[in-house]
>>> print(open('target.txt').read())   # compact mmCIF, C-alpha atoms and all ligand atoms
# COMPACT_ATOMS: atom_id res chain seq x y z
CA MET A 1 12.01 -21.33 71.57
CA PRO A 2 8.45 -20.68 70.32
CA ALA A 3 8.35 -19.40 66.75
CA MET A 4 7.31 -15.79 66.18
CA PRO A 5 3.73 -15.43 64.95
CA ALA A 6 3.23 -15.38 61.20
CA ALA A 7 0.19 -14.17 59.29
CA TYR A 8 -0.64 -15.22 55.73
CA PHE A 9 -3.00 -13.45 53.34
CA VAL A 10 -4.62 -14.46 50.04
CA SER A 11 -7.19 -12.69 47.90
CA ASP A 12 -9.23 -12.99 44.72
CA LEU A 13 -8.63 -16.63 43.92
CA HIS A 14 -11.96 -16.74 42.07
CA ILE A 15 -12.18 -20.50 42.31
CA THR A 16 -14.86 -21.74 39.94
CA SER A 17 -14.87 -25.49 40.60
CA PRO A 18 -13.17 -28.05 42.85
CA ASP A 19 -10.96 -29.18 40.01
CA ASP A 20 -9.82 -25.91 38.53
CA ALA A 21 -6.10 -25.28 38.86
CA ARG A 22 -6.50 -22.53 41.45
CA SER A 23 -8.59 -24.79 43.64
CA VAL A 24 -5.97 -27.54 43.54
CA LEU A 25 -3.24 -24.99 44.25
CA PHE A 26 -5.19 -23.49 47.14
CA CYS A 27 -5.66 -26.92 48.74
CA ARG A 28 -1.95 -27.58 48.42
CA PHE A 29 -1.17 -24.13 49.87
CA LEU A 30 -3.44 -24.80 52.87
CA ARG A 31 -1.88 -28.23 53.42
CA ARG A 32 1.61 -26.75 53.35
CA LEU A 33 0.58 -24.02 55.79
CA ARG A 34 -0.08 -26.73 58.35
CA GLY A 35 3.69 -27.28 58.46
CA VAL A 36 4.62 -23.62 58.95
CA SER A 37 5.93 -23.12 62.45
CA GLY A 38 4.55 -20.01 64.09
CA LEU A 39 1.57 -19.72 61.74
CA SER A 40 -0.95 -17.84 63.84
CA HIS A 41 -3.31 -16.11 61.39
CA LEU A 42 -4.74 -16.73 57.95
CA PHE A 43 -6.64 -13.92 56.24
CA LEU A 44 -8.91 -14.73 53.31
CA MET A 45 -9.37 -11.31 51.76
CA GLY A 46 -12.46 -11.97 49.66
CA ASP A 47 -13.50 -13.37 46.28
CA ILE A 48 -11.94 -16.66 47.28
CA PHE A 49 -14.70 -18.38 45.33
CA ASP A 50 -16.11 -17.12 42.11
CA LEU A 51 -19.45 -17.50 43.80
CA TRP A 52 -20.39 -18.34 47.36
CA LEU A 53 -23.71 -17.31 48.83
CA ALA A 54 -24.79 -17.82 52.44
CA ASP A 55 -24.74 -21.49 53.50
CA HIS A 56 -26.26 -23.13 50.46
CA GLU A 57 -25.51 -26.84 50.32
CA HIS A 58 -24.50 -26.47 46.68
CA PHE A 59 -21.34 -24.60 47.67
CA VAL A 60 -20.68 -26.60 50.84
CA ALA A 61 -20.70 -29.85 48.85
CA LYS A 62 -18.83 -28.44 45.88
CA TYR A 63 -15.95 -27.08 47.94
CA ARG A 64 -15.80 -29.84 50.56
CA LEU A 65 -12.05 -30.41 50.11
CA ILE A 66 -11.15 -26.76 50.66
CA ILE A 67 -13.44 -26.57 53.69
CA GLU A 68 -11.75 -29.61 55.21
CA GLU A 69 -8.30 -28.08 54.78
CA ILE A 70 -9.49 -24.86 56.43
CA GLU A 71 -11.00 -26.84 59.31
CA LYS A 72 -7.69 -28.60 59.86
CA LEU A 73 -5.87 -25.28 60.13
CA ARG A 74 -8.52 -23.97 62.49
CA ASP A 75 -8.17 -27.08 64.65
CA LEU A 76 -4.43 -26.44 64.87
CA GLY A 77 -5.30 -23.15 66.55
CA VAL A 78 -4.80 -20.85 63.55
CA GLU A 79 -7.07 -17.78 63.74
CA ILE A 80 -8.79 -17.53 60.37
CA HIS A 81 -10.51 -14.41 59.08
CA TYR A 82 -12.68 -14.28 55.98
CA PHE A 83 -13.57 -10.94 54.39
CA GLU A 84 -16.64 -10.86 52.21
CA GLY A 85 -15.91 -9.89 48.64
CA ASN A 86 -18.32 -9.09 45.89
CA HIS A 87 -18.41 -12.74 44.78
CA ASP A 88 -18.73 -14.28 48.23
CA LEU A 89 -21.36 -12.81 50.49
CA HIS A 90 -23.60 -13.50 53.45
CA LEU A 91 -20.79 -15.69 54.73
CA ARG A 92 -21.70 -15.66 58.40
CA ARG A 93 -24.25 -18.44 58.22
CA PHE A 94 -21.66 -20.98 57.17
CA TRP A 95 -18.15 -19.62 57.73
CA SER A 96 -18.83 -18.08 61.12
CA ASP A 97 -21.82 -19.94 62.59
CA ARG A 98 -20.79 -23.40 61.41
CA LEU A 99 -17.04 -23.18 60.79
CA ARG A 100 -16.28 -20.67 63.54
CA LEU A 101 -14.09 -18.39 61.39
CA LYS A 102 -14.16 -14.64 61.88
CA VAL A 103 -16.20 -13.12 59.06
CA HIS A 104 -15.97 -9.44 58.15
CA GLU A 105 -18.29 -7.44 55.93
CA GLU A 106 -16.42 -4.17 56.36
CA PRO A 107 -12.79 -3.00 56.50
CA MET A 108 -11.09 -3.62 59.84
CA TYR A 109 -8.00 -2.56 61.74
CA PHE A 110 -5.89 -5.27 63.26
CA ASP A 111 -2.89 -5.08 65.57
CA PHE A 112 -0.44 -7.78 64.52
CA ASN A 113 2.84 -7.96 66.43
CA GLY A 114 2.60 -4.22 67.08
CA SER A 115 1.94 -3.31 63.44
CA ILE A 116 -1.41 -1.75 62.66
CA LEU A 117 -2.97 -3.38 59.62
CA ARG A 118 -5.93 -2.06 57.71
CA LEU A 119 -7.60 -5.01 56.04
CA GLU A 120 -10.37 -4.92 53.47
CA HIS A 121 -11.52 -6.69 50.34
CA GLY A 122 -11.31 -3.42 48.43
CA ASP A 123 -14.70 -3.20 46.75
CA GLN A 124 -15.47 0.04 48.59
CA MET A 125 -12.31 1.80 47.44
CA ASP A 126 -13.79 3.60 44.48
CA PRO A 127 -16.10 6.44 45.55
CA GLU A 128 -17.04 7.09 41.91
CA ASP A 129 -18.47 3.62 41.47
CA ARG A 130 -21.97 4.59 42.59
CA GLY A 131 -23.65 1.73 40.74
CA TYR A 132 -21.64 -0.88 42.58
CA ARG A 133 -22.00 0.87 45.91
CA PHE A 134 -25.76 0.79 45.47
CA LEU A 135 -25.69 -2.88 44.54
CA ARG A 136 -23.49 -3.66 47.54
CA TRP A 137 -25.96 -1.91 49.83
CA LEU A 138 -28.96 -3.54 48.15
CA LEU A 139 -27.59 -7.08 48.45
CA ARG A 140 -27.17 -6.57 52.19
CA THR A 141 -30.62 -5.15 52.93
CA PRO A 142 -32.72 -7.50 55.10
CA PRO A 143 -35.17 -8.54 52.32
CA MET A 144 -32.34 -9.31 49.86
CA ARG A 145 -30.37 -11.06 52.56
CA TYR A 146 -33.44 -13.17 53.33
CA PHE A 147 -33.98 -13.96 49.66
CA ILE A 148 -30.33 -14.89 49.03
CA CYS A 149 -30.22 -17.11 52.11
CA HIS A 150 -33.49 -18.88 51.28
CA MET A 151 -33.59 -19.10 47.51
CA PRO A 152 -34.34 -22.49 45.99
CA PRO A 153 -31.40 -24.84 45.33
CA SER A 154 -32.16 -24.93 41.59
CA LEU A 155 -31.65 -21.17 41.38
CA VAL A 156 -28.42 -21.40 43.40
CA VAL A 157 -27.07 -23.97 40.93
CA ARG A 158 -28.04 -21.83 37.96
CA LEU A 159 -26.35 -18.76 39.43
CA GLY A 160 -23.25 -20.82 40.19
CA GLU A 161 -23.03 -22.07 36.63
CA ARG A 162 -23.50 -18.60 35.21
CA ALA A 163 -20.73 -17.20 37.42
CA SER A 164 -18.33 -19.92 36.31
CA LYS A 165 -19.08 -19.23 32.65
CA SER A 166 -18.60 -15.48 32.96
CA SER A 167 -15.31 -15.91 34.77
CA ARG A 168 -13.99 -18.00 31.86
CA SER A 169 -14.19 -14.89 29.73
CA TYR A 170 -12.33 -12.98 32.42
CA THR A 171 -9.53 -11.45 30.36
CA SER A 172 -11.83 -9.91 27.81
CA GLN A 173 -14.47 -8.59 30.19
CA THR A 174 -13.52 -8.33 33.80
CA LYS A 175 -10.88 -5.65 33.66
CA THR A 176 -13.17 -2.76 33.05
CA ILE A 177 -10.70 -0.13 34.20
CA SER A 178 -7.08 0.01 33.14
CA ALA A 179 -4.33 -1.15 35.47
CA GLN A 180 -3.00 2.41 35.63
CA LYS A 181 -6.37 3.80 36.66
CA ALA A 182 -6.73 1.03 39.27
CA LEU A 183 -3.32 1.86 40.74
CA GLU A 184 -4.26 5.52 41.02
CA LYS A 185 -7.50 4.65 42.78
CA ILE A 186 -6.03 2.22 45.29
CA ARG A 187 -3.14 4.52 46.17
CA LEU A 188 -5.47 7.47 46.61
CA HIS A 189 -7.71 5.32 48.77
CA ALA A 190 -4.73 4.32 50.93
CA GLN A 191 -3.72 7.95 51.32
CA LYS A 192 -7.25 9.03 52.28
CA THR A 193 -7.88 6.25 54.77
CA HIS A 194 -4.42 6.68 56.30
CA ALA A 195 -5.20 10.36 56.88
CA GLN A 196 -8.43 9.35 58.65
CA ARG A 197 -6.89 6.64 60.76
CA ALA A 198 -3.22 5.75 60.49
CA PHE A 199 -1.98 2.23 59.74
CA ASP A 200 1.35 0.65 58.97
CA VAL A 201 0.17 -1.71 56.24
CA LEU A 202 -2.99 -1.79 54.15
CA VAL A 203 -3.87 -5.13 52.60
CA ALA A 204 -6.58 -5.40 49.96
CA GLY A 205 -7.50 -7.16 46.73
CA HIS A 206 -10.47 -6.76 44.41
CA VAL A 207 -8.99 -4.62 41.61
CA HIS A 208 -6.94 -7.54 40.22
CA VAL A 209 -3.84 -5.38 39.93
CA ARG A 210 -1.00 -6.30 42.20
CA ASP A 211 0.67 -3.38 43.94
CA ASP A 212 3.13 -2.80 46.73
CA PHE A 213 3.41 0.89 47.42
CA VAL A 214 5.36 2.66 50.16
CA SER A 215 4.42 6.20 51.11
CA SER A 216 6.07 8.61 53.45
CA ASP A 217 4.52 11.78 52.05
CA HIS A 218 1.83 12.40 54.62
CA GLY A 219 2.61 11.87 58.28
CA SER A 220 3.82 8.46 59.29
CA PRO A 221 5.05 6.14 56.54
CA TYR A 222 2.85 3.27 55.43
CA ARG A 223 2.75 0.48 52.92
CA ALA A 224 -0.26 -0.30 50.75
CA ILE A 225 -0.41 -3.78 49.27
CA ASN A 226 -2.85 -5.10 46.74
CA LEU A 227 -2.71 -8.83 46.20
CA GLY A 228 -3.97 -8.84 42.61
CA THR A 229 -5.70 -12.05 41.54
CA TRP A 230 -4.80 -15.72 41.24
CA MET A 231 -6.30 -15.53 37.74
CA ASP A 232 -3.12 -13.69 36.76
CA THR A 233 -0.40 -14.85 39.17
CA PRO A 234 -1.21 -16.77 42.34
CA CYS A 235 0.50 -15.18 45.30
CA TYR A 236 0.30 -14.79 49.03
CA LEU A 237 1.45 -12.21 51.53
CA LYS A 238 3.35 -13.15 54.66
CA ILE A 239 3.90 -10.90 57.66
CA ASP A 240 6.21 -12.16 60.37
CA GLU A 241 9.27 -11.05 62.28
CA SER A 242 11.31 -10.98 59.07
CA GLY A 243 8.96 -8.41 57.53
CA VAL A 244 6.19 -7.98 55.01
CA CYS A 245 6.66 -9.93 51.82
CA ILE A 246 4.67 -11.12 48.80
CA PHE A 247 5.51 -14.55 47.37
CA GLU A 248 4.34 -16.12 44.15
CA LEU A 249 3.01 -19.66 43.83
CA ASP A 250 2.83 -21.80 40.77
CA ASP A 251 1.13 -25.03 39.78
CA THR A 252 3.99 -27.34 40.52
CA HIS A 253 5.90 -26.10 43.50
CA PHE A 254 6.16 -23.49 46.15
CA ASN A 255 8.92 -20.96 45.82
CA ASN A 256 12.16 -20.81 47.74
CA GLU A 257 10.74 -19.04 50.73
CA TYR A 258 8.18 -21.73 51.11
CA SER A 259 10.46 -24.71 50.67
CA GLN A 260 13.03 -23.23 53.06
CA GLU A 261 10.37 -23.00 55.67
CA ASN A 262 9.30 -26.61 55.43
MN MN B 1 -13.75 -8.42 44.30
>>> encode(input="target.txt", output="structure tokens")
Amino acid sequence: MPAMPAAYFVSDLHITSPDDARSVLFCRFLRRLRGVSGLSHLFLMGDIFDLWLADHEHFVAKYRLIIEEIEKLRDLGVEIHYFEGNHDLHLRRFWSDRLRLKVHEEPMYFDFNGSILRLEHGDQMDPEDRGYRFLRWLLRTPPMRYFICHMPPSLVVRLGERASKSSRSYTSQTKTISAQKALEKIRLHAQKTHAQRAFDVLVAGHVHVRDDFVSSDHGSPYRAINLGTWMDTPCYLKIDESGVCIFELDDTHFNNEYSQEN
């Protein structure tokens, strides 16, 4: 009997180098996915890398091992989607044109096994964050897009090094809003978007606060999941015939769910 389709989701890994722990863990995760029967979709929900711009050779060479693992999954027939985050942008030139993944710059709705999913990185969830919204728009204007895609390799390397350094001071600087405030914002966002266009499950990342919220207050019930960040606790989301479930990963082994499957 053919296995029921299964979709896996990861977000906000913020990988800074090929040998950081999250990179090693991600490679192992991707390798293990190859053995999952029924695996049909993999969704990379953004900020997979601490910095990835366009198709610059710097990143392609640096993350060769990860790219190879993703290509192997693709060649097995897994449909792979990559949502741009605020640390990985202008992805089409490499991830779509060369690797043939499906790249998304905006939120999307997706029918998976009859469940309607709303999928997004999450960087557009906060309407009060005008500064970021402007930056997001600016970085995607044609002149900026052209500049980012064609800037000299030396500048790309410098930007890459700066990003890695700033992410090392993550705990002291990155969380600019409290976890409680983030929860309020993402749940409000789920409620608003659900009222505009209903979904069964919303999957996002970006705020670095993991959340799994079920609402039945307004109209049809829905579930809003935020995957947090691998900088706190590496995890993935699985949706298959047995349901919607978040699983944690650690450096040494996959959890029970994962080892049962393989
Ligand atoms: Mn982000």
>>> residues_near_ligand(input="target.txt", ligand="ligand MN 1 (chain B)", cutoff="7 Å", atoms="all atoms listed in the file", output="list in words")
Asp12, Gly46, Asp47, Gly85, Asn86, His87, His121, Gly122, Asp123, Gly205, His206 and Val207 of chain A
>>> atom_distance(input="target.txt", atom1="CA of Arg223 in chain A", atom2="CA of Phe199 in chain A")
8.5 Å
>>> residues_around(input="target.txt", residues="Phe26 in chain A", least_positions_apart="5", cutoff="10 Å", atoms="all atoms listed in the file", output="PyMOL selection string")
chain A and resi 10+13+15+21+31-32+48+66+69+230+234+249+251
>>> closest_atom_pairs(input="target.txt", of="range 51-138 of chain A", to="range 153-163 of chain A", cutoff="10 Å", atoms="only C-alpha atoms", output="Markdown table")
| residue | atom | partner | partner_atom | distance |
| --- | --- | --- | --- | --- |
| A:Leu51 | CA | A:Gly160 | CA | 6.2 |
| A:Trp52 | CA | A:Gly160 | CA | 8.1 |
| A:Leu53 | CA | A:Val156 | CA | 8.3 |
| A:His56 | CA | A:Pro153 | CA | 7.5 |
| A:Glu57 | CA | A:Pro153 | CA | 8.0 |
| A:His58 | CA | A:Val157 | CA | 6.8 |
| A:Phe59 | CA | A:Gly160 | CA | 8.6 |
| A:His87 | CA | A:Ala163 | CA | 8.9 |
>>> residues_around(input="target.txt", residues="range 103-110 of chain A", least_positions_apart="3", cutoff="8 Å", atoms="all atoms listed in the file", output="list in words")
His81, Tyr82, Phe83, Glu84, Leu91, Arg92, Trp95, Ser96, Ile116, Leu117, Arg118, Leu119, Glu120, His121 and Phe199 of chain A
>>> closest_residue(input="target.txt", among="A:Leu183, A:Leu138, A:Leu99, A:Ala61", to="Leu73 in chain A", atoms="all atoms listed in the file")
A:Leu99
>>> axis_aligned_box(input="target.txt", around="range 207-223 of chain A", padding_each_side="8 Å", output="JSON")
{"center_x": -1.5, "center_y": 2.4, "center_z": 49.6, "size_x": 31.1, "size_y": 35.9, "size_z": 35.4}
>>> closest_residue(input="target.txt", among="A:Asp111, A:Lys165, A:Met151, A:Trp137", to="Gln124 in chain A", atoms="only C-alpha atoms")
A:Trp137
>>> closest_residue(input="target.txt", among="A:Val203, A:Val60, A:Phe49, A:Arg136", to="Arg98 in chain A", atoms="all atoms listed in the file")
A:Val60
>>> atom_distance(input="target.txt", atom1="CA of Pro5 in chain A", atom2="CA of Ile225 in chain A")
20.0 Å
>>> atom_distance(input="target.txt", atom1="CA of Lys72 in chain A", atom2="CA of Arg100 in chain A")
12.3 Å
>>> closest_residue(input="target.txt", among="A:Asp240, A:Glu184, A:Glu79, A:Asp200", to="Leu44 in chain A", atoms="all atoms listed in the file")
A:Glu79
>>> residues_around(input="target.txt", residues="Asn226 in chain A", least_positions_apart="2", cutoff="7 Å", atoms="only C-alpha atoms", output="ChimeraX atom specification")
/A:203-205,209-212,224,228
>>> closest_residue(input="target.txt", among="A:Leu25, A:Ile70, A:Met125, A:Leu39", to="Tyr8 in chain A", atoms="only C-alpha atoms")
A:Leu39
>>> closest_residue(input="target.txt", among="A:Gly114, A:Leu135, A:Asp126, A:Leu101", to="Ala182 in chain A", atoms="all atoms listed in the file")
A:Asp126
